[in-house]
Each structure stands twice: as C-alpha cells, then as structure tokens.
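Structure file start_2.csv with CSV, C-alpha atoms:
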```
chain,number,residue,atom,x,y,z
H,97,MET,CA,74.1,-110.4,-98.4
H,98,ARG,CA,72.3,-113.4,-96.9
H,99,ILE,CA,73.7,-117.0,-96.9
H,100,LEU,CA,71.0,-119.7,-96.7
H,101,LEU,CA,71.5,-123.5,-96.2
H,102,VAL,CA,69.7,-125.2,-99.0
H,103,GLY,CA,68.9,-128.6,-100.6
H,104,GLY,CA,69.4,-132.0,-99.2
H,105,ALA,CA,71.0,-130.7,-96.0
H,106,VAL,CA,67.8,-129.0,-95.0
H,107,ARG,CA,65.8,-132.1,-96.0
H,108,ASN,CA,68.0,-134.3,-93.9
H,109,LEU,CA,67.8,-132.0,-90.9
H,110,LEU,CA,64.0,-132.1,-91.0
H,111,LEU,CA,64.0,-135.9,-91.4
H,112,GLY,CA,66.5,-136.4,-88.6
H,113,ILE,CA,69.1,-137.9,-91.0
H,114,PRO,CA,72.8,-137.1,-90.6
H,115,VAL,CA,73.9,-134.2,-92.8
H,116,ARG,CA,77.0,-135.0,-94.8
H,117,ASP,CA,77.2,-132.2,-97.4
H,118,ARG,CA,76.1,-128.7,-96.9
H,119,ASP,CA,75.2,-126.4,-99.9
H,120,TYR,CA,74.5,-122.7,-99.6
H,121,LEU,CA,72.5,-120.1,-101.5
H,122,VAL,CA,73.7,-116.5,-101.7
H,123,LEU,CA,70.9,-113.9,-101.7
H,124,GLY,CA,71.0,-110.1,-102.0
H,125,GLY,CA,74.5,-109.6,-103.1
H,126,THR,CA,76.5,-109.6,-106.3
H,127,VAL,CA,79.1,-112.0,-107.5
H,128,GLU,CA,81.8,-109.3,-107.2
H,129,ALA,CA,80.8,-108.6,-103.6
H,130,PHE,CA,80.9,-112.3,-102.7
H,131,MET,CA,84.4,-112.6,-104.3
H,132,ARG,CA,85.7,-109.6,-102.4
H,133,GLU,CA,84.4,-111.1,-99.1
H,134,HIS,CA,85.6,-114.6,-99.9
H,135,PRO,CA,88.7,-114.3,-102.2
H,136,GLN,CA,89.6,-117.9,-101.7
H,137,ALA,CA,86.3,-119.1,-103.3
H,138,LYS,CA,86.8,-121.0,-106.5
H,139,PRO,CA,84.3,-120.4,-109.3
H,140,VAL,CA,83.0,-123.7,-110.9
H,141,GLY,CA,79.6,-122.8,-112.3
H,142,LYS,CA,78.9,-122.7,-116.0
H,143,SER,CA,75.3,-121.7,-116.5
H,144,PHE,CA,75.0,-119.7,-113.3
H,145,PRO,CA,77.4,-118.6,-110.6
H,146,VAL,CA,78.6,-121.4,-108.3
H,147,PHE,CA,81.6,-121.4,-106.0
H,148,ILE,CA,83.5,-123.9,-103.9
H,149,LEU,CA,84.6,-122.5,-100.5
H,150,ASP,CA,86.2,-124.7,-97.8
H,151,GLY,CA,84.8,-127.8,-99.6
H,152,GLN,CA,81.3,-126.5,-99.7
H,153,GLU,CA,79.1,-125.2,-102.5
H,154,PHE,CA,77.8,-121.6,-102.7
H,155,CYS,CA,75.5,-120.7,-105.5
H,156,PHE,CA,73.5,-117.7,-106.6
H,157,LEU,CA,69.9,-117.8,-107.6
H,158,ARG,CA,68.8,-119.8,-110.6
H,159,GLY,CA,66.1,-117.5,-111.8
H,160,HIS,CA,65.1,-114.1,-110.5
H,161,THR,CA,63.4,-115.0,-107.3
H,162,LEU,CA,63.7,-117.7,-104.6
H,163,ALA,CA,60.4,-119.3,-105.8
H,164,GLU,CA,61.9,-119.5,-109.3
H,165,ASP,CA,65.1,-121.1,-107.9
H,166,PHE,CA,63.0,-123.7,-106.1
H,167,ALA,CA,61.1,-124.5,-109.3
H,168,LEU,CA,64.4,-125.1,-111.1
H,169,ARG,CA,65.7,-127.6,-108.6
H,170,ASP,CA,65.2,-131.4,-109.0
H,171,PHE,CA,62.7,-132.4,-106.4
H,172,THR,CA,60.3,-130.6,-104.0
H,173,VAL,CA,61.9,-132.0,-100.9
H,174,ASN,CA,65.3,-130.7,-102.0
H,175,ALA,CA,63.8,-127.2,-102.8
H,176,MET,CA,64.1,-125.8,-99.2
H,177,ALA,CA,66.2,-123.3,-97.5
H,178,LEU,CA,67.1,-122.2,-93.9
H,179,ASP,CA,68.1,-118.6,-93.2
H,180,GLU,CA,70.5,-117.5,-90.5
H,181,ASP,CA,67.7,-117.1,-88.0
H,182,GLY,CA,66.3,-120.6,-88.6
H,183,ALA,CA,63.4,-119.6,-90.7
H,184,LEU,CA,62.3,-122.2,-93.3
H,185,LEU,CA,61.7,-121.2,-96.9
H,186,CYS,CA,60.5,-123.9,-99.3
H,187,HIS,CA,58.7,-125.0,-102.5
H,188,ALA,CA,55.0,-124.9,-102.1
H,189,ASP,CA,54.7,-128.7,-102.1
H,190,ALA,CA,57.9,-129.4,-100.1
H,191,LEU,CA,56.5,-129.8,-96.6
H,192,GLN,CA,53.5,-131.9,-97.7
H,193,ASP,CA,55.8,-134.2,-99.7
H,194,LEU,CA,58.2,-134.4,-96.8
H,195,GLY,CA,55.4,-135.4,-94.5
H,196,THR,CA,54.0,-138.1,-96.8
H,197,ARG,CA,57.5,-139.3,-97.8
H,198,THR,CA,56.8,-138.6,-101.4
H,199,LEU,CA,59.4,-137.8,-104.1
H,200,ARG,CA,58.1,-135.4,-106.7
H,201,GLN,CA,59.7,-133.3,-109.4
H,202,ALA,CA,60.0,-129.6,-108.5
H,203,SER,CA,58.4,-128.6,-111.8
H,204,GLU,CA,57.2,-130.0,-115.0
H,205,ARG,CA,60.6,-129.2,-116.6
H,206,SER,CA,62.8,-130.6,-113.8
H,207,LEU,CA,63.7,-133.9,-115.4
H,208,ALA,CA,63.8,-132.6,-119.0
H,209,ASP,CA,66.2,-129.8,-117.9
H,210,ASP,CA,68.7,-132.5,-116.7
H,211,PRO,CA,67.7,-136.1,-117.6
H,212,LEU,CA,70.3,-137.4,-115.1
H,213,ARG,CA,67.6,-136.7,-112.6
H,214,VAL,CA,65.9,-139.9,-113.8
H,215,PHE,CA,68.6,-141.8,-112.1
H,216,ARG,CA,68.8,-139.4,-109.1
H,217,ALA,CA,65.1,-140.0,-108.5
H,218,ALA,CA,65.6,-143.7,-108.3
H,219,ARG,CA,68.7,-143.3,-106.2
H,220,PHE,CA,66.9,-141.0,-103.7
H,221,VAL,CA,64.1,-143.5,-103.2
H,222,ALA,CA,66.9,-146.1,-102.5
H,223,GLN,CA,68.6,-143.7,-100.0
H,224,LEU,CA,65.6,-142.1,-98.2
H,225,PRO,CA,63.8,-144.3,-95.8
H,226,GLU,CA,60.1,-144.8,-96.4
H,227,PHE,CA,60.0,-142.5,-99.5
H,228,SER,CA,58.1,-143.5,-102.7
H,229,PRO,CA,57.9,-141.8,-106.1
H,230,HIS,CA,54.8,-139.7,-106.9
H,231,PRO,CA,52.9,-141.1,-110.0
H,232,ASN,CA,53.7,-137.9,-111.8
H,233,LEU,CA,57.4,-138.4,-111.2
H,234,LEU,CA,57.3,-141.8,-112.8
H,235,SER,CA,55.6,-140.4,-115.8
H,236,ALA,CA,58.2,-137.6,-116.0
H,237,MET,CA,61.0,-140.1,-115.7
H,238,ARG,CA,59.5,-142.1,-118.6
H,239,GLU,CA,59.2,-139.0,-120.8
H,240,ALA,CA,62.7,-137.8,-119.9
H,241,SER,CA,64.2,-141.2,-120.8
H,242,ARG,CA,62.9,-140.8,-124.4
H,243,LEU,CA,64.8,-137.5,-124.9
H,244,PRO,CA,68.0,-137.5,-127.0
H,245,GLU,CA,69.7,-135.8,-124.0
H,246,PHE,CA,69.1,-138.9,-121.9
H,247,LEU,CA,71.2,-141.0,-124.3
H,248,GLU,CA,73.9,-138.4,-124.4
H,249,LEU,CA,74.4,-138.1,-120.7
H,250,SER,CA,77.9,-138.4,-119.4
H,251,ALA,CA,78.6,-142.1,-118.7
H,252,GLU,CA,80.6,-141.1,-115.6
H,253,ARG,CA,77.6,-139.2,-114.1
H,254,VAL,CA,75.3,-142.1,-114.7
H,255,GLY,CA,77.8,-144.5,-113.2
H,256,GLN,CA,78.2,-142.4,-110.1
H,257,GLU,CA,74.5,-142.5,-109.5
H,258,VAL,CA,74.5,-146.3,-109.8
H,259,LEU,CA,77.4,-146.5,-107.3
H,260,LYS,CA,75.6,-144.1,-104.9
H,261,ALA,CA,72.5,-146.3,-105.1
H,262,CYS,CA,74.6,-149.4,-104.4
H,263,ALA,CA,75.8,-147.7,-101.2
H,264,SER,CA,72.3,-146.9,-100.1
H,265,ASP,CA,70.1,-148.6,-97.5
H,266,ARG,CA,67.6,-150.0,-100.1
H,267,PRO,CA,69.6,-150.4,-103.3
H,268,GLY,CA,67.0,-152.8,-104.8
H,269,GLU,CA,64.6,-149.8,-105.0
H,270,PHE,CA,66.9,-148.3,-107.6
H,271,LEU,CA,66.1,-151.1,-110.0
H,272,ARG,CA,62.5,-151.3,-109.0
H,273,VAL,CA,61.8,-147.6,-109.6
H,274,LEU,CA,63.6,-147.5,-112.9
H,275,GLN,CA,61.6,-150.5,-114.0
H,276,ARG,CA,58.3,-149.0,-112.9
H,277,ALA,CA,59.1,-145.9,-114.9
H,278,GLY,CA,60.2,-147.8,-118.0
H,279,CYS,CA,63.7,-146.3,-117.8
H,280,LEU,CA,66.0,-149.4,-117.9
H,281,GLY,CA,66.7,-149.2,-121.6
H,282,HIS,CA,70.1,-148.0,-123.0
H,283,TRP,CA,72.1,-147.4,-119.8
H,284,LEU,CA,70.9,-150.5,-118.0
H,285,GLN,CA,69.6,-152.3,-121.0
H,286,GLU,CA,70.5,-155.7,-119.7
H,287,PHE,CA,67.5,-155.3,-117.2
H,288,ALA,CA,65.0,-154.0,-119.8
H,289,ASP,CA,63.0,-157.3,-119.9
H,290,ALA,CA,64.2,-158.8,-116.6
H,291,ALA,CA,60.9,-158.2,-114.8
H,292,ASP,CA,59.3,-160.7,-117.3
H,293,ILE,CA,61.9,-163.4,-116.9
H,294,PRO,CA,61.5,-166.0,-114.1
H,295,ALA,CA,64.6,-166.2,-111.9
H,296,GLY,CA,64.4,-170.0,-112.0
H,297,PRO,CA,62.2,-173.0,-111.4
H,298,PRO,CA,59.4,-172.3,-108.9
H,299,ARG,CA,60.9,-174.6,-106.2
H,300,TYR,CA,64.0,-172.4,-106.1
H,301,HIS,CA,62.7,-169.0,-107.1
H,302,ASP,CA,59.4,-167.2,-106.7
H,303,SER,CA,60.2,-164.0,-108.5
H,304,SER,CA,61.5,-162.5,-111.7
H,305,VAL,CA,65.2,-162.0,-112.5
H,306,LEU,CA,64.8,-158.3,-111.7
H,307,GLU,CA,63.1,-158.8,-108.4
H,308,HIS,CA,65.5,-161.5,-107.3
H,309,THR,CA,68.4,-159.2,-108.1
H,310,ALA,CA,66.8,-156.3,-106.2
H,311,ARG,CA,66.2,-158.6,-103.2
H,312,LEU,CA,69.8,-159.7,-103.1
H,313,MET,CA,70.9,-156.0,-103.4
H,314,ASP,CA,68.8,-155.2,-100.4
H,315,THR,CA,70.0,-158.2,-98.4
H,316,LEU,CA,73.6,-157.2,-99.0
H,317,ALA,CA,73.1,-153.5,-98.3
H,318,GLY,CA,74.5,-154.0,-94.8
H,319,ALA,CA,77.6,-155.8,-95.9
H,320,ALA,CA,79.7,-152.7,-95.3
H,321,GLU,CA,79.7,-153.5,-91.6
H,322,VAL,CA,81.1,-157.0,-92.4
H,323,LEU,CA,83.6,-155.8,-95.1
H,324,GLY,CA,84.8,-152.6,-93.6
H,325,GLY,CA,83.3,-150.3,-96.2
H,326,ALA,CA,83.1,-152.6,-99.3
H,327,GLY,CA,79.4,-153.0,-99.1
H,328,ALA,CA,78.7,-151.0,-102.3
H,329,LEU,CA,81.0,-153.3,-104.2
H,330,CYS,CA,79.1,-156.4,-102.8
H,331,VAL,CA,75.8,-154.8,-103.9
H,332,TRP,CA,77.2,-154.1,-107.4
H,333,MET,CA,78.2,-157.8,-107.6
H,334,ALA,CA,74.6,-158.7,-106.6
H,335,LEU,CA,73.3,-156.5,-109.4
H,336,CYS,CA,75.5,-158.3,-111.9
H,337,HIS,CA,75.4,-161.9,-110.7
H,338,ASP,CA,72.4,-163.1,-112.7
H,339,LEU,CA,72.7,-160.9,-115.8
H,340,GLY,CA,73.2,-164.1,-117.9
H,341,LYS,CA,69.6,-165.2,-117.2
H,342,THR,CA,68.4,-162.3,-119.3
H,343,LEU,CA,69.8,-164.0,-122.4
H,344,THR,CA,68.3,-167.5,-121.7
H,345,PRO,CA,66.3,-168.7,-124.7
H,346,ARG,CA,62.6,-168.5,-124.0
H,347,THR,CA,62.2,-172.2,-124.9
H,348,GLU,CA,64.6,-173.1,-122.0
H,349,LEU,CA,62.8,-171.1,-119.3
H,350,PRO,CA,62.5,-171.3,-116.3
H,351,ARG,CA,65.9,-173.1,-116.2
H,352,HIS,CA,69.0,-171.0,-116.9
H,353,ILE,CA,71.7,-173.5,-117.9
H,354,GLY,CA,75.0,-171.8,-118.6
H,355,HIS,CA,73.9,-168.4,-117.5
H,356,GLU,CA,77.2,-167.8,-115.7
H,357,ALA,CA,79.3,-167.7,-118.9
H,358,ARG,CA,76.7,-165.5,-120.6
H,359,GLY,CA,76.6,-163.2,-117.6
H,360,GLU,CA,80.3,-162.5,-117.5
H,361,ALA,CA,80.3,-160.7,-120.9
H,362,LEU,CA,77.2,-158.8,-120.0
H,363,ALA,CA,78.6,-157.6,-116.7
H,364,LEU,CA,81.8,-156.4,-118.4
H,365,ALA,CA,79.8,-154.5,-121.0
H,366,LEU,CA,77.6,-152.9,-118.3
H,367,GLY,CA,80.6,-151.8,-116.2
H,368,HIS,CA,82.5,-150.4,-119.2
H,369,ARG,CA,79.3,-148.6,-120.4
H,370,LEU,CA,79.0,-146.8,-117.1
H,371,ARG,CA,82.8,-146.1,-117.0
H,372,LEU,CA,83.1,-147.6,-113.5
H,373,PRO,CA,86.4,-148.2,-111.8
H,374,MET,CA,88.1,-151.4,-113.0
H,375,ARG,CA,87.7,-153.0,-109.5
H,376,TYR,CA,83.9,-152.8,-110.0
H,377,ILE,CA,84.0,-153.9,-113.6
H,378,ASN,CA,86.1,-157.0,-112.7
H,379,ALA,CA,84.1,-157.8,-109.6
H,380,GLY,CA,80.8,-157.7,-111.5
H,381,ALA,CA,82.1,-160.0,-114.2
H,382,ASP,CA,83.5,-162.4,-111.6
H,383,ALA,CA,80.2,-162.4,-109.7
H,384,ALA,CA,78.4,-163.4,-112.8
H,385,ARG,CA,80.9,-166.1,-113.7
H,386,TRP,CA,81.7,-167.7,-110.3
H,387,HIS,CA,78.8,-167.1,-107.9
H,388,MET,CA,77.4,-170.6,-108.6
H,389,LEU,CA,80.6,-172.3,-107.7
H,390,ALA,CA,80.9,-170.3,-104.5
H,391,GLY,CA,77.3,-171.4,-103.6
H,392,ASP,CA,78.2,-175.0,-104.3
H,393,TYR,CA,81.6,-174.9,-102.6
H,394,PRO,CA,81.3,-178.1,-100.5
H,395,THR,CA,80.7,-180.2,-103.7
H,396,LEU,CA,83.8,-178.9,-105.5
H,397,ARG,CA,86.9,-180.9,-106.1
H,398,PRO,CA,90.1,-179.7,-104.6
H,399,THR,CA,91.4,-178.6,-108.0
H,400,THR,CA,88.3,-176.4,-108.6
H,401,ARG,CA,88.5,-175.1,-105.0
H,402,VAL,CA,92.1,-173.9,-105.4
H,403,ASP,CA,91.5,-172.3,-108.7
H,404,LEU,CA,88.4,-170.4,-107.4
H,405,LEU,CA,90.0,-169.4,-104.1
H,406,PHE,CA,93.1,-167.9,-105.6
H,407,ARG,CA,91.3,-166.1,-108.4
H,408,LEU,CA,89.0,-164.5,-105.8
H,409,LYS,CA,91.9,-163.7,-103.5
H,410,HIS,CA,93.8,-162.1,-106.4
H,411,ARG,CA,90.8,-160.0,-107.2
H,412,ALA,CA,90.4,-159.1,-103.5
H,413,ILE,CA,86.7,-160.2,-103.5
H,414,LEU,CA,86.8,-163.5,-101.6
H,415,ARG,CA,84.6,-162.5,-98.7
H,416,GLU,CA,82.3,-160.5,-101.0
H,417,MET,CA,81.7,-163.5,-103.3
H,418,PHE,CA,80.8,-165.8,-100.4
H,419,LEU,CA,78.5,-163.2,-98.9
H,420,LEU,CA,76.8,-163.0,-102.3
H,421,ALA,CA,76.5,-166.8,-102.5
H,422,ARG,CA,75.1,-166.9,-99.0
H,423,ALA,CA,72.4,-164.3,-99.9
H,424,ASP,CA,71.7,-166.2,-103.1
H,425,LYS,CA,71.5,-169.7,-101.8
H,426,GLY,CA,70.9,-169.3,-98.1
H,427,VAL,CA,74.1,-171.2,-97.0
H,428,ASP,CA,77.4,-169.9,-95.8
H,429,HIS,CA,80.5,-171.6,-97.0
H,430,LEU,CA,83.0,-168.8,-96.2
H,431,GLN,CA,84.6,-170.6,-93.2
H,432,GLU,CA,85.2,-173.8,-95.2
H,433,ALA,CA,86.8,-171.7,-98.0
H,434,LEU,CA,89.0,-169.9,-95.5
H,435,ALA,CA,90.1,-173.2,-94.0
H,436,ASP,CA,91.2,-174.4,-97.5
H,437,LEU,CA,93.0,-171.1,-98.1
H,438,ALA,CA,94.8,-171.4,-94.7
H,439,VAL,CA,96.4,-174.7,-95.7
H,440,ALA,CA,97.1,-173.7,-99.3
H,441,GLU,CA,98.3,-170.1,-99.2
H,442,PRO,CA,101.4,-170.5,-97.0
H,443,LEU,CA,103.0,-173.1,-99.3
H,444,GLN,CA,106.2,-172.2,-101.0
H,445,LEU,CA,108.1,-173.9,-103.8
H,446,PRO,CA,111.5,-175.6,-103.0
H,447,GLN,CA,114.3,-173.4,-104.3
H,448,GLU,CA,115.1,-175.8,-107.1
H,449,LEU,CA,111.6,-175.3,-108.6
H,450,CYS,CA,111.6,-171.5,-108.5
H,451,GLY,CA,112.3,-169.4,-111.6
H,452,LEU,CA,111.0,-171.9,-114.1
H,453,GLY,CA,108.2,-169.8,-115.4
H,454,ALA,CA,104.9,-171.5,-116.1
H,455,GLU,CA,106.3,-174.8,-114.7
H,456,SER,CA,106.8,-173.1,-111.3
H,457,GLY,CA,103.2,-171.9,-111.3
H,458,ALA,CA,101.9,-175.4,-112.2
H,459,ARG,CA,104.0,-177.0,-109.5
H,460,LEU,CA,102.8,-174.6,-106.8
H,461,ARG,CA,99.2,-175.1,-107.9
H,462,GLN,CA,99.7,-178.9,-107.5
H,463,MET,CA,101.1,-178.4,-104.0
H,464,ARG,CA,98.1,-176.3,-103.1
H,465,ILE,CA,95.6,-178.9,-104.5
H,466,ALA,CA,97.4,-181.7,-102.6
H,467,ALA,CA,97.1,-179.6,-99.3
H,468,VAL,CA,93.4,-179.0,-99.8
H,469,ARG,CA,92.8,-182.7,-100.6
H,470,SER,CA,94.7,-183.7,-97.5
H,471,ARG,CA,92.6,-181.3,-95.3
H,472,LEU,CA,89.4,-182.7,-96.7
H,473,ARG,CA,90.5,-186.3,-96.0
H,474,ASN,CA,91.4,-185.4,-92.5
H,475,THR,CA,88.1,-183.7,-91.9
H,476,ILE,CA,86.2,-186.7,-93.2
H,477,ALA,CA,88.3,-189.0,-91.0
H,478,GLU,CA,87.6,-186.9,-87.9
H,479,ARG,CA,83.9,-187.2,-88.5
```
What does the file become when written as structure tokens?
Amino acid sequence: MRILLVGGAVRNLLLGIPVRDRDYLVLGGTVEAFMREHPQAKPVGKSFPVFILDGQEFCFLRGHTLAEDFALRDFTVNAMALDEDGALLCHADALQDLGTRTLRQASERSLADDPLRVFRAARFVAQLPEFSPHPNLLSAMREASRLPEFLELSAERVGQEVLKACASDRPGEFLRVLQRAGCLGHWLQEFADAADIPAGPPRYHDSSVLEHTARLMDTLAGAAEVLGGAGALCVWMALCHDLGKTLTPRTELPRHIGHEARGEALALALGHRLRLPMRYINAGADAARWHMLAGDYPTLRPTTRVDLLFRLKHRAILREMFLLARADKGVDHLQEALADLAVAEPLQLPQELCGLGAESGARLRQMRIAAVRSRLRNTIAER
C-alpha cells in the first residue's frame, strides 16, 4: 500500500506557497486493508472511498488508474501527486500549466461532473498569484452554468466558495472571471448586467459597477491585518455596497440617486440565497444602506452621527464600514467617528430615568446627541 500526497498541497509546494491542508491518495491496497491499518479512520465518501484520519483526507482512486484519477479531478494544477520518495506524478498538462500560471480543467467533463467547479475556478484565480483562466476553461464554465445541476447546487457550497474568495489575495478576480465566463446569472444574479452599468458620473467613476466593486474588493483584501481577521467580512461588504446601482433606471444613468435603499434589499436577498451566516447577511445589507453616510461623515448632523455610530457598533462593523468608505471615497473618517463615540458611549441615564422603556432609550439618545454636538462646537472653537 502506497500513500501519496495529492492535490492543492502538491501545487502549493511547487509554487512555494504555504500548505494548509494535506490530502492523500491510497494506492495498491484495499479499503479493508486500509481500515485494518487505520481503525480510527472515519469513512465519509459516497461515490468512492474517502476517509478522514487525524483531520486529513485519504481517498482511493477515482477510476482504475492514476491517469484516470487525474482526469477526474477539477484542474490540471491540482492533478498532481508526490510519492514517499519525492517522485512527482501528474496530469499531462499540469507542469506546463503550473509554469505558465494557467488554470485549466483536467478534462472536458471536469466542470459538468460537478458544476460547483465553476465557482472554484473563479476562486482559485482569486487565490493563486499570477494565475489566469485558460480560454477553454472559460468556455467550459459557461457551458456548465447552463446545466440544470448548476441551478440545483447546494446553496451552502456556493456560499462557501464566495466566502473563500472574499478571504483571498485578489477577491475582485472572482467577480471578473465569472463575468468573463458569463456565469453571474442565478446565484449572483444581481451582477449579471453590472459590467454594462456605469458606476457613476465620469468625474467620480471611470468604470462599471462590476469593475468598481471588484477594485474595492481588491483594495480591502488586506483588511485582515487591520481588523484582526475580519478582512473577508470587509470584502463581502464591498461586494454588496453598490448593489442598488444595478437597479437604477437607465434614463437616470450615470447618476444613482437612492441606490442605498435599493441596495439594502438586494444584499439581504443575495446573502440569504447563498445561506451565509447572519453576520455576513446583515453586514452586506448595512454596507449597501449606510456606506454613503460613512463616506460623508464630517457633513452629518449630530443626530445622524449618533444613530449611525450606534447602529454600526451594535452590528460590530464600525471599523469595517469606515474602511469601506475610505476605499470608496479616498478619505478616512474613522478617527472622527471614534472621537464622537468616545464622548457618547460612556454616558448613562440618571437613576430616575431608567426602566421607562422607550422613553429611557429616547432620553439616552438625546444625551448622546448633545455630547457629540458639544464636542463639535469645542473642536470648531479650538480651530
């Protein structure tokens, strides 16, 4: 029995990329022999034998030979294996595609066999530095997206691919590749025509709604360093922030008056369609609805500032929203927002005003507004 390291782990080793997950292929042995040698292995495969052992995946051949197994995998650069002696075994096109940084399907049937690979292809281009899709892959993606099985994919599986793309180095490529392949309908239907809609008047925007969104996603890809791991959430907010522009009447273009309110409902629908965690669903909707206010924060009245700040704090996306606004408008208002929060948040109601239900909330809100108004007056006076 031979155990080979396979798939993305081999690809990453050859690319010099850190290996996070390791999958293995079992050759030359039976399932019974493997189970006798590894009784703690848990069977999880349905169509062919797959086991989880110590958190790692061990599978048997798909097909009768290693070449057949490689042809049944998703992409050529994932159809590679290392044996115990370090010998490399791979798909016939794997090394060439790895050298040219090309993502290509492992066979003509690869995407039809599992249409989720349409999203995996776009996600891999977003994750792998310098990779681009082969023209044949784009055609295969387009064909697979027309299959009934594409519409019947598990929403959770599609949603996980979207979130993995949001956590990648080039998340904007996820949208760009799907658009080039014509695969934005149904699952990401809000973006189906976004490449043909101007993001705004030329003096403010020089691109389409889709390209503007993709650029913001790329800009915010490094936000995890600032937010301590919440970068994917910030990128998801960027993906959702201008959804309302896709519903702007053509007669009103290139302006997008009221797109914030339209976008909130679209972001909620998209998040629910993909069965995302509620934190993402709410954050996407808030990004669509409130990003313009965050971008115009210095012009807001104290009342609006307080309402915005405490909504964002309650949702735990205050920093994310102002990072999004900075990427969108090129100005950073986070410090001013935090200064307002610093004077408003510590305030407490007098004992006699507590326990009065809605009236208590209204009184506390007025106290916060007064504190922010006073801070603004003092700031102006100091200037």
Contact residues around segment 391-393 of chain H with all atoms listed in the file at 9 Å, ignoring same-chain residues under 2 positions, as a list in words
Trp386, His387, Met388, Leu389, Thr395, Leu396, Arg397, Arg401, Phe418, Leu420, Ala421, Arg422, Asp424, Lys425, Gly426, Val427, Asp428, His429, Leu430, Glu432 and Ala433 of chain H
Please list as a VMD selection string every residue within 8 Å of segment 456-465 of chain H, counting only C-alpha atoms and excluding residues in the same chain fewer than 3 positions away.
chain H and resid 398 to 399 402 439 to 441 443 to 445 449 to 453 468 to 469
Emit the selected residues as a compact mmCIF listing (two decimals), in the coordinates of the input, including C-alpha atoms.
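Dumped to result.txt:
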```txt
# COMPACT_ATOMS: atom_id res chain seq x y z
CA PRO H 398 90.10 -179.70 -104.60
CA THR H 399 91.40 -178.60 -108.00
CA VAL H 402 92.10 -173.90 -105.40
CA VAL H 439 96.40 -174.70 -95.70
CA ALA H 440 97.10 -173.70 -99.30
CA GLU H 441 98.30 -170.10 -99.20
CA LEU H 443 103.00 -173.10 -99.30
CA GLN H 444 106.20 -172.20 -101.00
CA LEU H 445 108.10 -173.90 -103.80
CA LEU H 449 111.60 -175.30 -108.60
CA CYS H 450 111.60 -171.50 -108.50
CA GLY H 451 112.30 -169.40 -111.60
CA LEU H 452 111.00 -171.90 -114.10
CA GLY H 453 108.20 -169.80 -115.40
CA VAL H 468 93.40 -179.00 -99.80
CA ARG H 469 92.80 -182.70 -100.60
```
How close does each residue of segment 269-370 of chain H get to segment 232-243 of chain H, giving the shortest atom pair and distance in Å to one decimal for every residue with an atom at most 10 Å away, counting all atoms listed in the file, sorted by chain and residue number, as CSV?
```
residue,atom,partner,partner_atom,distance
H:Val273,CA,H:Leu234,CA,8.0
H:Leu274,CA,H:Met237,CA,8.3
H:Gln275,CA,H:Leu234,CA,9.8
H:Arg276,CA,H:Leu234,CA,7.3
H:Ala277,CA,H:Leu234,CA,4.9
H:Gly278,CA,H:Arg238,CA,5.8
H:Cys279,CA,H:Ser241,CA,5.9
H:Leu280,CA,H:Ser241,CA,8.9
H:Gly281,CA,H:Ser241,CA,8.4
H:His282,CA,H:Ser241,CA,9.3
```
Residues at most 9 Å from segment 111-117 of chain H, counting all atoms listed in the file, excluding those fewer than 6 positions away in the same chain, as a list in words?
Gly104, Ala105, Gln152, Glu153 and Leu194 of chain H
Report the closest atom pair, with its distance in Å rounded to one decimal, for each residue of segment 266-306 of chain H that has an atom no farther than 8 Å from segment 322-344 of chain H; count only C-alpha atoms, sort by chain and then rising residue number, and write it as JSON lines.
```
{"residue": "H:Pro267", "atom": "CA", "partner": "H:Val331", "partner_atom": "CA", "distance": 7.6}
{"residue": "H:Glu286", "atom": "CA", "partner": "H:Leu339", "partner_atom": "CA", "distance": 6.9}
{"residue": "H:Phe287", "atom": "CA", "partner": "H:Thr342", "partner_atom": "CA", "distance": 7.4}
{"residue": "H:Asp289", "atom": "CA", "partner": "H:Thr342", "partner_atom": "CA", "distance": 7.4}
{"residue": "H:Ala290", "atom": "CA", "partner": "H:Thr342", "partner_atom": "CA", "distance": 6.1}
{"residue": "H:Ile293", "atom": "CA", "partner": "H:Thr342", "partner_atom": "CA", "distance": 7.0}
{"residue": "H:Ala295", "atom": "CA", "partner": "H:Lys341", "partner_atom": "CA", "distance": 7.4}
{"residue": "H:Val305", "atom": "CA", "partner": "H:Lys341", "partner_atom": "CA", "distance": 7.2}
```
Atom CA of Ile148 of chain H to atom CA of Ala263 of chain H, distance in Å rounded to a single decimal
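These two atoms are separated by 25.2 Å.
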8 Å contact set for segment 122-133 of chain H, all atoms listed in the file, chain neighbours under 3 positions out, as a PyMOL selection string
chain H and resi 97-100+136-137+145+154-157
Residues from last step as file, C-alpha atoms, as a PDB file, keeping the file's coordinate frame:
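New file again_30.pdb:
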```
ATOM      1  CA  MET H  97      74.100-110.400 -98.400  1.00  0.00           C
ATOM      2  CA  ARG H  98      72.300-113.400 -96.900  1.00  0.00           C
ATOM      3  CA  ILE H  99      73.700-117.000 -96.900  1.00  0.00           C
ATOM      4  CA  LEU H 100      71.000-119.700 -96.700  1.00  0.00           C
ATOM      5  CA  GLN H 136      89.600-117.900-101.700  1.00  0.00           C
ATOM      6  CA  ALA H 137      86.300-119.100-103.300  1.00  0.00           C
ATOM      7  CA  PRO H 145      77.400-118.600-110.600  1.00  0.00           C
ATOM      8  CA  PHE H 154      77.800-121.600-102.700  1.00  0.00           C
ATOM      9  CA  CYS H 155      75.500-120.700-105.500  1.00  0.00           C
ATOM     10  CA  PHE H 156      73.500-117.700-106.600  1.00  0.00           C
ATOM     11  CA  LEU H 157      69.900-117.800-107.600  1.00  0.00           C
TER      12      LEU H 157
END
```
Atom CA of Ile476 of chain H sits from atom CA of Pro394 of chain H at a separation of 12.3 Å
